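A.B. asks: As input, take coords_3.cif (mmCIF, C-alpha atoms):
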data_structure
#
loop_
_atom_site.group_PDB
_atom_site.id
_atom_site.type_symbol
_atom_site.label_atom_id
_atom_site.label_comp_id
_atom_site.auth_asym_id
_atom_site.auth_seq_id
_atom_site.Cartn_x
_atom_site.Cartn_y
_atom_site.Cartn_z
ATOM 1 C CA MET A 1 3.341 -16.851 -12.243
ATOM 2 C CA PRO A 2 4.219 -13.125 -12.320
ATOM 3 C CA ILE A 3 2.192 -10.657 -10.248
ATOM 4 C CA LEU A 4 1.450 -7.250 -11.797
ATOM 5 C CA ILE A 5 1.766 -4.399 -9.297
ATOM 6 C CA SER A 6 0.481 -1.014 -10.441
ATOM 7 C CA GLY A 7 1.273 1.874 -8.114
ATOM 8 C CA SER A 8 3.674 4.573 -7.057
ATOM 9 C CA MET A 9 7.420 4.632 -6.555
ATOM 10 C CA ALA A 10 8.730 7.345 -4.275
ATOM 11 C CA PHE A 11 11.577 8.510 -2.130
ATOM 12 C CA ASP A 12 10.420 8.608 1.489
ATOM 13 C CA VAL A 13 11.836 11.057 4.022
ATOM 14 C CA LEU A 14 10.920 9.667 7.436
ATOM 15 C CA MET A 15 11.076 11.849 10.544
ATOM 16 C CA GLU A 16 10.333 11.053 14.188
ATOM 17 C CA PHE A 17 8.688 13.422 16.658
ATOM 18 C CA ASP A 18 9.252 12.495 20.305
ATOM 19 C CA GLY A 19 5.954 13.948 21.515
ATOM 20 C CA HIS A 20 2.270 13.481 20.664
ATOM 21 C CA PHE A 21 0.663 15.458 17.838
ATOM 22 C CA ALA A 22 -2.579 15.717 19.795
ATOM 23 C CA ASP A 23 -0.851 17.760 22.518
ATOM 24 C CA HIS A 24 -0.015 20.490 20.007
ATOM 25 C CA ILE A 25 -3.216 20.778 17.990
ATOM 26 C CA LEU A 26 -6.070 22.840 19.424
ATOM 27 C CA SER A 27 -9.382 21.539 18.117
ATOM 28 C CA ASP A 28 -11.066 24.952 18.369
ATOM 29 C CA GLN A 29 -8.235 26.567 16.358
ATOM 30 C CA ILE A 30 -7.994 23.994 13.608
ATOM 31 C CA ASP A 31 -8.887 26.577 10.941
ATOM 32 C CA LYS A 32 -5.725 28.511 11.926
ATOM 33 C CA LEU A 33 -3.460 25.466 12.137
ATOM 34 C CA ASN A 34 0.220 26.470 12.132
ATOM 35 C CA VAL A 35 2.418 23.983 13.959
ATOM 36 C CA SER A 36 6.054 22.929 13.835
ATOM 37 C CA PHE A 37 7.441 19.667 15.168
ATOM 38 C CA LEU A 38 11.090 19.169 16.085
ATOM 39 C CA THR A 39 12.200 15.848 14.574
ATOM 40 C CA PRO A 40 15.614 14.860 15.963
ATOM 41 C CA ARG A 41 15.800 11.695 13.846
ATOM 42 C CA MET A 42 15.447 11.487 10.079
ATOM 43 C CA ARG A 43 16.174 8.980 7.357
ATOM 44 C CA SER A 44 15.638 8.819 3.613
ATOM 45 C CA ASP A 45 14.368 5.579 2.171
ATOM 46 C CA PHE A 46 13.031 3.900 -0.940
ATOM 47 C CA GLY A 47 9.236 3.755 -0.901
ATOM 48 C CA GLY A 48 6.034 3.979 -2.895
ATOM 49 C CA CYS A 49 3.275 1.388 -2.938
ATOM 50 C CA ALA A 50 4.305 -0.506 -6.091
ATOM 51 C CA ALA A 51 7.903 -0.959 -4.966
ATOM 52 C CA ASN A 52 6.952 -1.734 -1.353
ATOM 53 C CA VAL A 53 4.491 -4.420 -2.430
ATOM 54 C CA ALA A 54 7.028 -5.788 -4.940
ATOM 55 C CA TYR A 55 9.640 -5.988 -2.161
ATOM 56 C CA ALA A 56 7.253 -8.027 -0.011
ATOM 57 C CA VAL A 57 6.306 -10.331 -2.889
ATOM 58 C CA LYS A 58 9.987 -10.950 -3.651
ATOM 59 C CA GLN A 59 10.694 -11.684 0.026
ATOM 60 C CA LEU A 60 8.022 -14.382 -0.157
ATOM 61 C CA GLY A 61 9.464 -16.001 -3.271
ATOM 62 C CA GLY A 62 7.028 -14.463 -5.753
ATOM 63 C CA GLU A 63 7.745 -12.842 -9.101
ATOM 64 C CA PRO A 64 6.670 -9.179 -8.898
ATOM 65 C CA ILE A 65 6.366 -6.944 -11.944
ATOM 66 C CA PRO A 66 6.007 -3.327 -10.763
ATOM 67 C CA VAL A 67 4.280 -0.968 -13.199
ATOM 68 C CA ALA A 68 5.203 2.577 -12.202
ATOM 69 C CA SER A 69 6.749 5.861 -13.330
ATOM 70 C CA ILE A 70 9.814 7.595 -11.908
ATOM 71 C CA GLY A 71 11.698 10.781 -12.741
ATOM 72 C CA GLN A 72 15.158 11.833 -13.823
ATOM 73 C CA ASP A 73 16.487 11.218 -10.307
ATOM 74 C CA GLY A 74 15.343 7.596 -10.113
ATOM 75 C CA GLY A 75 18.357 5.762 -11.538
ATOM 76 C CA ASN A 76 19.598 4.524 -8.161
ATOM 77 C CA TYR A 77 16.114 3.217 -7.376
ATOM 78 C CA LEU A 78 16.101 1.129 -10.569
ATOM 79 C CA GLU A 79 19.524 -0.238 -9.678
ATOM 80 C CA ARG A 80 18.341 -1.195 -6.201
ATOM 81 C CA LEU A 81 15.384 -3.123 -7.601
ATOM 82 C CA ARG A 82 17.624 -4.952 -10.060
ATOM 83 C CA GLN A 83 19.961 -5.935 -7.240
ATOM 84 C CA LEU A 84 16.943 -7.350 -5.397
ATOM 85 C CA GLY A 85 16.017 -9.387 -8.480
ATOM 86 C CA ILE A 86 12.877 -7.338 -9.204
ATOM 87 C CA ALA A 87 12.047 -6.679 -12.854
ATOM 88 C CA THR A 88 12.220 -3.044 -13.951
ATOM 89 C CA ASP A 89 11.103 -3.478 -17.583
ATOM 90 C CA HIS A 90 7.751 -1.788 -16.956
ATOM 91 C CA ILE A 91 8.960 1.158 -14.887
ATOM 92 C CA ALA A 92 8.866 4.277 -17.060
ATOM 93 C CA VAL A 93 11.556 6.948 -16.600
ATOM 94 C CA LEU A 94 10.278 10.474 -17.326
ATOM 95 C CA PRO A 95 13.195 12.884 -17.886
ATOM 96 C CA ASP A 96 11.206 16.066 -17.253
ATOM 97 C CA CYS A 97 9.945 15.043 -13.795
ATOM 98 C CA TYR A 98 11.241 14.183 -10.366
ATOM 99 C CA THR A 99 10.405 10.877 -8.754
ATOM 100 C CA ALA A 100 7.524 11.224 -6.299
ATOM 101 C CA GLN A 101 8.641 12.452 -2.884
ATOM 102 C CA CYS A 102 6.934 11.611 0.411
ATOM 103 C CA VAL A 103 7.719 13.272 3.753
ATOM 104 C CA ILE A 104 6.289 11.402 6.749
ATOM 105 C CA VAL A 105 6.442 12.571 10.377
ATOM 106 C CA THR A 106 5.565 9.963 13.039
ATOM 107 C CA ASP A 107 4.842 10.706 16.708
ATOM 108 C CA ARG A 108 5.276 8.452 19.753
ATOM 109 C CA ARG A 109 1.784 6.987 19.329
ATOM 110 C CA GLN A 110 2.608 6.006 15.717
ATOM 111 C CA ASN A 111 0.295 8.723 14.337
ATOM 112 C CA GLN A 112 1.562 10.212 11.100
ATOM 113 C CA PHE A 113 1.478 13.408 9.047
ATOM 114 C CA THR A 114 2.356 12.987 5.370
ATOM 115 C CA ALA A 115 3.204 15.501 2.625
ATOM 116 C CA PHE A 116 3.436 14.109 -0.898
ATOM 117 C CA HIS A 117 4.752 15.519 -4.188
ATOM 118 C CA PRO A 118 3.542 13.266 -7.045
ATOM 119 C CA GLY A 119 6.190 14.129 -9.624
ATOM 120 C CA ALA A 120 6.349 11.426 -12.324
ATOM 121 C CA MET A 121 3.483 9.580 -10.666
ATOM 122 C CA ALA A 122 1.086 12.186 -12.072
ATOM 123 C CA GLU A 123 1.966 10.906 -15.566
ATOM 124 C CA ALA A 124 1.758 7.196 -14.689
ATOM 125 C CA HIS A 125 -1.270 6.708 -16.959
ATOM 126 C CA LEU A 126 1.095 7.019 -19.931
ATOM 127 C CA ASN A 127 2.612 3.691 -18.857
ATOM 128 C CA ALA A 128 0.017 1.052 -19.789
ATOM 129 C CA MET A 129 -0.375 -2.265 -17.991
ATOM 130 C CA PRO A 130 1.628 -5.027 -19.691
ATOM 131 C CA LEU A 131 -0.987 -7.681 -20.400
ATOM 132 C CA ASP A 132 1.268 -10.248 -22.068
ATOM 133 C CA THR A 133 3.463 -11.235 -19.106
ATOM 134 C CA GLY A 134 1.539 -14.380 -18.169
ATOM 135 C CA ALA A 135 0.383 -12.782 -14.911
ATOM 136 C CA THR A 136 -2.774 -14.301 -13.461
ATOM 137 C CA VAL A 137 -3.371 -11.690 -10.759
ATOM 138 C CA ALA A 138 -2.678 -7.990 -10.246
ATOM 139 C CA ILE A 139 -3.134 -5.111 -7.844
ATOM 140 C CA VAL A 140 -4.029 -1.483 -8.542
ATOM 141 C CA SER A 141 -2.597 0.452 -5.604
ATOM 142 C CA PRO A 142 -2.257 4.206 -4.937
ATOM 143 C CA ASP A 143 -0.884 6.039 -7.965
ATOM 144 C CA GLY A 144 -1.957 8.924 -10.165
ATOM 145 C CA LYS A 145 -5.758 9.022 -10.352
ATOM 146 C CA GLN A 146 -5.939 8.577 -14.118
ATOM 147 C CA ALA A 147 -3.413 5.730 -13.964
ATOM 148 C CA MET A 148 -5.480 3.876 -11.370
ATOM 149 C CA GLN A 149 -8.613 4.227 -13.497
ATOM 150 C CA GLU A 150 -6.980 3.270 -16.781
ATOM 151 C CA HIS A 151 -4.958 0.379 -15.333
ATOM 152 C CA ALA A 152 -8.127 -1.004 -13.741
ATOM 153 C CA GLN A 153 -9.935 -0.779 -17.077
ATOM 154 C CA GLN A 154 -7.072 -2.464 -18.913
ATOM 155 C CA LEU A 155 -6.930 -5.363 -16.447
ATOM 156 C CA HIS A 156 -10.706 -5.776 -16.443
ATOM 157 C CA ARG A 157 -10.905 -5.874 -20.240
ATOM 158 C CA ALA A 158 -8.059 -8.395 -20.364
ATOM 159 C CA GLY A 159 -9.828 -10.639 -17.856
ATOM 160 C CA ILE A 160 -6.996 -10.475 -15.312
ATOM 161 C CA PRO A 161 -8.444 -10.519 -11.777
ATOM 162 C CA PHE A 162 -7.106 -7.735 -9.595
ATOM 163 C CA VAL A 163 -7.148 -6.234 -6.129
ATOM 164 C CA PHE A 164 -8.301 -2.623 -5.889
ATOM 165 C CA ASP A 165 -6.338 -0.901 -3.115
ATOM 166 C CA PRO A 166 -7.335 2.786 -3.091
ATOM 167 C CA GLY A 167 -5.255 3.614 -0.002
ATOM 168 C CA GLN A 168 -4.326 7.260 0.450
ATOM 169 C CA ALA A 169 -5.634 8.016 -3.053
ATOM 170 C CA ILE A 170 -9.246 7.407 -1.998
ATOM 171 C CA SER A 171 -9.807 11.125 -1.416
ATOM 172 C CA GLN A 172 -9.230 11.794 -5.136
ATOM 173 C CA PHE A 173 -12.292 9.826 -6.214
ATOM 174 C CA ALA A 174 -15.969 10.721 -6.226
ATOM 175 C CA GLY A 175 -18.555 8.123 -5.264
ATOM 176 C CA ASP A 176 -19.477 7.185 -8.839
ATOM 177 C CA GLU A 177 -15.818 6.763 -9.761
ATOM 178 C CA LEU A 178 -15.308 4.419 -6.816
ATOM 179 C CA HIS A 179 -18.389 2.420 -7.840
ATOM 180 C CA ALA A 180 -16.881 1.956 -11.324
ATOM 181 C CA LEU A 181 -13.546 0.775 -9.929
ATOM 182 C CA ILE A 182 -15.207 -1.638 -7.495
ATOM 183 C CA ASP A 183 -17.316 -3.111 -10.299
ATOM 184 C CA GLN A 184 -14.157 -3.819 -12.317
ATOM 185 C CA ALA A 185 -12.182 -5.265 -9.395
ATOM 186 C CA THR A 186 -12.179 -8.807 -8.049
ATOM 187 C CA TRP A 187 -11.065 -8.014 -4.492
ATOM 188 C CA LEU A 188 -10.973 -4.833 -2.419
ATOM 189 C CA THR A 189 -8.552 -4.108 0.422
ATOM 190 C CA LEU A 190 -8.643 -1.141 2.798
ATOM 191 C CA ASN A 191 -7.478 -0.142 6.242
ATOM 192 C CA GLU A 192 -10.082 0.676 8.866
ATOM 193 C CA TYR A 193 -10.196 4.421 8.210
ATOM 194 C CA GLU A 194 -10.330 3.916 4.435
ATOM 195 C CA ALA A 195 -13.212 1.474 4.887
ATOM 196 C CA PHE A 196 -15.264 4.087 6.740
ATOM 197 C CA LEU A 197 -14.436 6.714 4.113
ATOM 198 C CA LEU A 198 -15.270 4.404 1.206
ATOM 199 C CA CYS A 199 -18.608 3.476 2.759
ATOM 200 C CA GLU A 200 -19.403 7.167 3.182
ATOM 201 C CA LYS A 201 -18.425 8.035 -0.402
ATOM 202 C CA THR A 202 -20.263 5.105 -2.017
ATOM 203 C CA GLY A 203 -23.268 4.987 0.316
ATOM 204 C CA LEU A 204 -22.692 1.240 0.797
ATOM 205 C CA GLU A 205 -22.004 -0.693 3.985
ATOM 206 C CA ARG A 206 -19.250 -3.310 4.081
ATOM 207 C CA ALA A 207 -21.612 -6.221 3.519
ATOM 208 C CA ALA A 208 -23.037 -4.551 0.401
ATOM 209 C CA LEU A 209 -19.540 -3.809 -0.907
ATOM 210 C CA ALA A 210 -18.458 -7.397 -0.315
ATOM 211 C CA SER A 211 -21.471 -8.738 -2.222
ATOM 212 C CA ARG A 212 -20.102 -7.105 -5.387
ATOM 213 C CA LEU A 213 -16.662 -8.712 -5.043
ATOM 214 C CA ARG A 214 -14.980 -12.037 -4.505
ATOM 215 C CA GLY A 215 -13.674 -10.663 -1.222
ATOM 216 C CA LEU A 216 -13.338 -7.519 0.902
ATOM 217 C CA ILE A 217 -10.453 -7.253 3.364
ATOM 218 C CA VAL A 218 -10.181 -4.549 6.041
ATOM 219 C CA THR A 219 -6.901 -4.414 7.953
ATOM 220 C CA LEU A 220 -7.283 -3.426 11.603
ATOM 221 C CA SER A 221 -3.723 -2.374 12.493
ATOM 222 C CA GLY A 222 -2.623 -4.269 15.621
ATOM 223 C CA ARG A 223 -5.968 -6.089 15.814
ATOM 224 C CA GLY A 224 -5.484 -8.254 12.743
ATOM 225 C CA CYS A 225 -7.889 -8.002 9.825
ATOM 226 C CA GLU A 226 -11.499 -8.557 8.843
ATOM 227 C CA ILE A 227 -12.469 -10.611 5.795
ATOM 228 C CA TRP A 228 -15.860 -10.372 4.091
ATOM 229 C CA THR A 229 -16.595 -13.152 1.610
ATOM 230 C CA GLY A 230 -19.562 -15.292 0.646
ATOM 231 C CA GLY A 231 -21.864 -13.377 2.987
ATOM 232 C CA GLU A 232 -19.684 -14.209 6.007
ATOM 233 C CA THR A 233 -17.259 -12.138 8.072
ATOM 234 C CA THR A 234 -14.091 -13.586 9.590
ATOM 235 C CA VAL A 235 -11.588 -11.835 11.859
ATOM 236 C CA VAL A 236 -8.026 -13.078 11.428
ATOM 237 C CA GLU A 237 -6.009 -12.558 14.599
ATOM 238 C CA PRO A 238 -2.797 -10.499 14.527
ATOM 239 C CA PHE A 239 0.774 -11.608 15.026
ATOM 240 C CA GLN A 240 2.665 -10.056 17.896
ATOM 241 C CA ALA A 241 5.457 -7.778 16.689
ATOM 242 C CA SER A 242 8.808 -8.144 18.443
ATOM 243 C CA GLU A 243 8.785 -4.350 18.804
ATOM 244 C CA VAL A 244 6.978 -1.381 17.312
ATOM 245 C CA VAL A 245 9.467 0.831 15.501
ATOM 246 C CA ASP A 246 7.904 2.288 12.335
ATOM 247 C CA PRO A 247 4.474 1.631 10.744
ATOM 248 C CA THR A 248 5.497 3.031 7.334
ATOM 249 C CA GLY A 249 4.912 0.393 4.688
ATOM 250 C CA CYS A 250 3.121 -2.126 6.934
ATOM 251 C CA GLY A 251 0.038 -2.062 4.726
ATOM 252 C CA ASP A 252 2.160 -2.691 1.630
ATOM 253 C CA ALA A 253 3.935 -5.617 3.309
ATOM 254 C CA TRP A 254 0.497 -7.028 4.143
ATOM 255 C CA ARG A 255 -0.663 -6.593 0.543
ATOM 256 C CA GLY A 256 2.434 -8.314 -0.779
ATOM 257 C CA ALA A 257 1.445 -11.389 1.212
ATOM 258 C CA LEU A 258 -2.123 -11.117 -0.061
ATOM 259 C CA MET A 259 -0.902 -11.074 -3.653
ATOM 260 C CA VAL A 260 1.323 -14.117 -3.149
ATOM 261 C CA GLY A 261 -1.562 -15.978 -1.531
ATOM 262 C CA LEU A 262 -3.934 -15.102 -4.361
ATOM 263 C CA GLU A 263 -1.385 -16.113 -7.000
ATOM 264 C CA ARG A 264 -1.000 -19.480 -5.241
ATOM 265 C CA GLY A 265 -4.751 -20.011 -5.021
ATOM 266 C CA TRP A 266 -4.956 -19.792 -1.219
ATOM 267 C CA PRO A 267 -8.172 -18.981 0.661
ATOM 268 C CA LEU A 268 -8.290 -15.356 1.777
ATOM 269 C CA THR A 269 -7.984 -16.324 5.442
ATOM 270 C CA ARG A 270 -4.688 -18.101 4.808
ATOM 271 C CA ALA A 271 -3.316 -15.171 2.799
ATOM 272 C CA ALA A 272 -4.478 -12.810 5.559
ATOM 273 C CA ARG A 273 -2.603 -14.755 8.243
ATOM 274 C CA LEU A 274 0.541 -14.426 6.172
ATOM 275 C CA GLY A 275 -0.241 -10.725 5.721
ATOM 276 C CA ASN A 276 -0.548 -10.235 9.473
ATOM 277 C CA TYR A 277 2.826 -11.931 9.911
ATOM 278 C CA MET A 278 4.409 -9.660 7.288
ATOM 279 C CA GLY A 279 2.976 -6.549 8.922
ATOM 280 C CA ALA A 280 4.389 -7.612 12.287
ATOM 281 C CA ARG A 281 7.813 -8.193 10.736
ATOM 282 C CA LYS A 282 7.789 -4.855 8.937
ATOM 283 C CA ILE A 283 6.735 -2.716 11.897
ATOM 284 C CA ALA A 284 9.806 -3.848 13.840
ATOM 285 C CA HIS A 285 12.087 -2.170 11.266
ATOM 286 C CA ARG A 286 12.566 1.386 10.084
ATOM 287 C CA GLY A 287 11.551 2.181 6.534
ATOM 288 C CA PRO A 288 9.269 0.243 4.187
ATOM 289 C CA GLN A 289 11.896 -1.987 2.519
ATOM 290 C CA ASN A 290 14.414 -2.899 5.228
ATOM 291 C CA TYR A 291 12.895 -5.979 6.849
ATOM 292 C CA HIS A 292 13.592 -9.627 6.170
ATOM 293 C CA ILE A 293 11.534 -12.695 6.886
ATOM 294 C CA ASP A 294 12.348 -16.128 8.280
ATOM 295 C CA PRO A 295 11.672 -18.761 5.568
ATOM 296 C CA GLU A 296 10.874 -21.319 8.277
ATOM 297 C CA ASP A 297 8.143 -19.036 9.631
ATOM 298 C CA VAL A 298 6.614 -18.636 6.171
ATOM 299 C CA ALA A 299 6.738 -22.361 5.500
ATOM 300 C CA ALA A 300 4.269 -22.814 8.370
ATOM 301 C CA PHE A 301 1.572 -21.005 6.383
#
Written as structure tokens, how would this file's structure read?
C.D. replies:
Amino acid sequence: MPILISGSMAFDVLMEFDGHFADHILSDQIDKLNVSFLTPRMRSDFGGCAANVAYAVKQLGGEPIPVASIGQDGGNYLERLRQLGIATDHIAVLPDCYTAQCVIVTDRRQNQFTAFHPGAMAEAHLNAMPLDTGATVAIVSPDGKQAMQEHAQQLHRAGIPFVFDPGQAISQFAGDELHALIDQATWLTLNEYEAFLLCEKTGLERAALASRLRGLIVTLSGRGCEIWTGGETTVVEPFQASEVVDPTGCGDAWRGALMVGLERGWPLTRAARLGNYMGARKIAHRGPQNYHIDPEDVAAF
């Protein structure tokens, strides 16, 4: 069955800093922060949560339907997706905007600074969720705030179970807005930092959040992930990456595996193991959509 993937599409500019950010930031001068990092290596890549998740789903043999908005400069992105066999019918092209642009600087410890221009993403709410595709599962990932809220409402009213993945957009929402989104969602996925922030904003601990959902998943970077379901907590061990090259898009690769597992009716632990594998494969490659998987490895799941 198709998998609906609501979220951003963006052009990523990825830069590498050979030092450590922490060595150049004075904690007692943070209110006067003015730093510059020399980045001898740079690349431009296709990115954005909806497209990154769709890429992962396609790698795993799923049928992704990204629901996103791009600008006048996004024609080559549409062509790339078509060449990958990913449907573009529900990607809106807004002629008066640029496609979202993301500039990410990564240091030697894999810490990152990100600057983001939303462009067409800010109008993504004008592109409604297609509810007649036969999809049985969906994800609402980082996008324009209004789009995330309206797409969640549309899926909830249509009875299509979905994953709420607030990601970097979590800072846009007040506590009551997050409560409303959680109440509409079926599953919730966060990284470790986002989990702490969400608990602070909602006033709920992880166990209380999980009790309102079919499942709560917290990814723990190189330590695997934590699954909260049915009043129990399970830690799913990580896969060892062949090398650590670039963390950009690892979370989206993980979520692509989650969506495929949910569409196939797998238990969350099984989907999470596949997600950990996908994250390990992705981190060994530069850019969010340049990795490939071994079908024999996936067959073992």
A.B. asks: Between A:Ala207, A:Leu14, A:Leu26, A:Leu94, which one has atoms that come closest to A:Asp107, using all atoms listed in the file?
C.D. replies: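 Of all the options, A:Leu14 lies closest to A:Asp107.
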A.B. asks: Using the chain letters and numbers from the file, which residues does the PyMOL selection byres ((chain A and resi 23-25) around 12) grab, as a list of chain:residue names?
C.D. replies: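 With the PyMOL selection byres ((chain A and resi 23-25) around 12) on this model, the match is A:Phe17, A:Asp18, A:Gly19, A:His20, A:Phe21, A:Ala22, A:Leu26, A:Ser27, A:Asp28, A:Gln29, A:Ile30, A:Asp31, A:Lys32, A:Leu33, A:Asn34, A:Val35, A:Ser36, A:Phe37, A:Leu38, A:Asp107, A:Arg108, A:Arg109.
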A.B. asks: Quick one: which residues end up in the PyMOL selection byres ((chain A and resi 263-268) around 8) for this structure, as a PyMOL selection string?
C.D. replies: chain A and resi 1+3+136-137+215+227+258-262+269-272
A.B. asks: Could you jot down the atom CA of A:Gly62 to atom CA of A:Val218 separation for me, Å, one decimal place?
C.D. replies: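 Separating atom CA of A:Gly62 from atom CA of A:Val218 is a distance of 23.1 Å.
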A.B. asks: Can you pull out every residue within 7 Å of A:Gly224, counting all atoms listed in the file, but drop anything in the same chain fewer than 5 positions away, and send it as a ChimeraX atom specification?
C.D. replies: /A:219,236-238,276
A.B. asks: Would you translate the PyMOL selection byres ((chain A and resi 146) around 10) into the concrete set of residues it matches in this file, as a list in words?
C.D. replies: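 On the file shown, the PyMOL selection byres ((chain A and resi 146) around 10) covers Ala122, Glu123, Ala124, His125, Leu126, Asp143, Gly144, Lys145, Ala147, Met148, Gln149, Glu150, His151 and Ala152 of chain A.
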A.B. asks: With only C-alpha atoms as the atoms that count, which of A:Thr229, A:Gln240, A:Asn191, A:Thr99 lies nearest to A:Leu209?
C.D. replies: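 Ranked by minimum distance to A:Leu209, first place goes to A:Thr229.
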A.B. asks: So which one's closest to A:Phe46, A:Ser8, A:Ser141, A:Gln184, A:Thr133? Using all atoms listed in the file, please.
C.D. replies: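 The shortest atom-to-atom distance to A:Phe46 comes from A:Ser8.
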A.B. asks: So that I can see what lies close to stretch 69-80 of chain A, please list as a list in words the residues with an atom at most 7 Å from it, counting all atoms listed in the file and leaving out residues fewer than 6 positions away in the same chain.
C.D. replies: Met9, Thr88, Ile91, Ala92, Val93, Leu94, Pro95, Asp96, Cys97, Tyr98, Thr99, Ala120, Met121 and Ala124 of chain A
A.B. asks: Using the selection just defined, write its residues with C-alpha atoms as a CSV table (one decimal), in the frame of the given file.
C.D. replies:
chain,number,residue,atom,x,y,z
A,9,MET,CA,7.4,4.6,-6.6
A,88,THR,CA,12.2,-3.0,-14.0
A,91,ILE,CA,9.0,1.2,-14.9
A,92,ALA,CA,8.9,4.3,-17.1
A,93,VAL,CA,11.6,6.9,-16.6
A,94,LEU,CA,10.3,10.5,-17.3
A,95,PRO,CA,13.2,12.9,-17.9
A,96,ASP,CA,11.2,16.1,-17.3
A,97,CYS,CA,9.9,15.0,-13.8
A,98,TYR,CA,11.2,14.2,-10.4
A,99,THR,CA,10.4,10.9,-8.8
A,120,ALA,CA,6.3,11.4,-12.3
A,121,MET,CA,3.5,9.6,-10.7
A,124,ALA,CA,1.8,7.2,-14.7
A.B. asks: For the atom pair atom CA of A:Lys282 and atom CA of A:Arg255, what is the interatomic distance in Å to one decimal place?
C.D. replies: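 If I compute the distance from atom CA of A:Lys282 to atom CA of A:Arg255, I get 12.0 Å.
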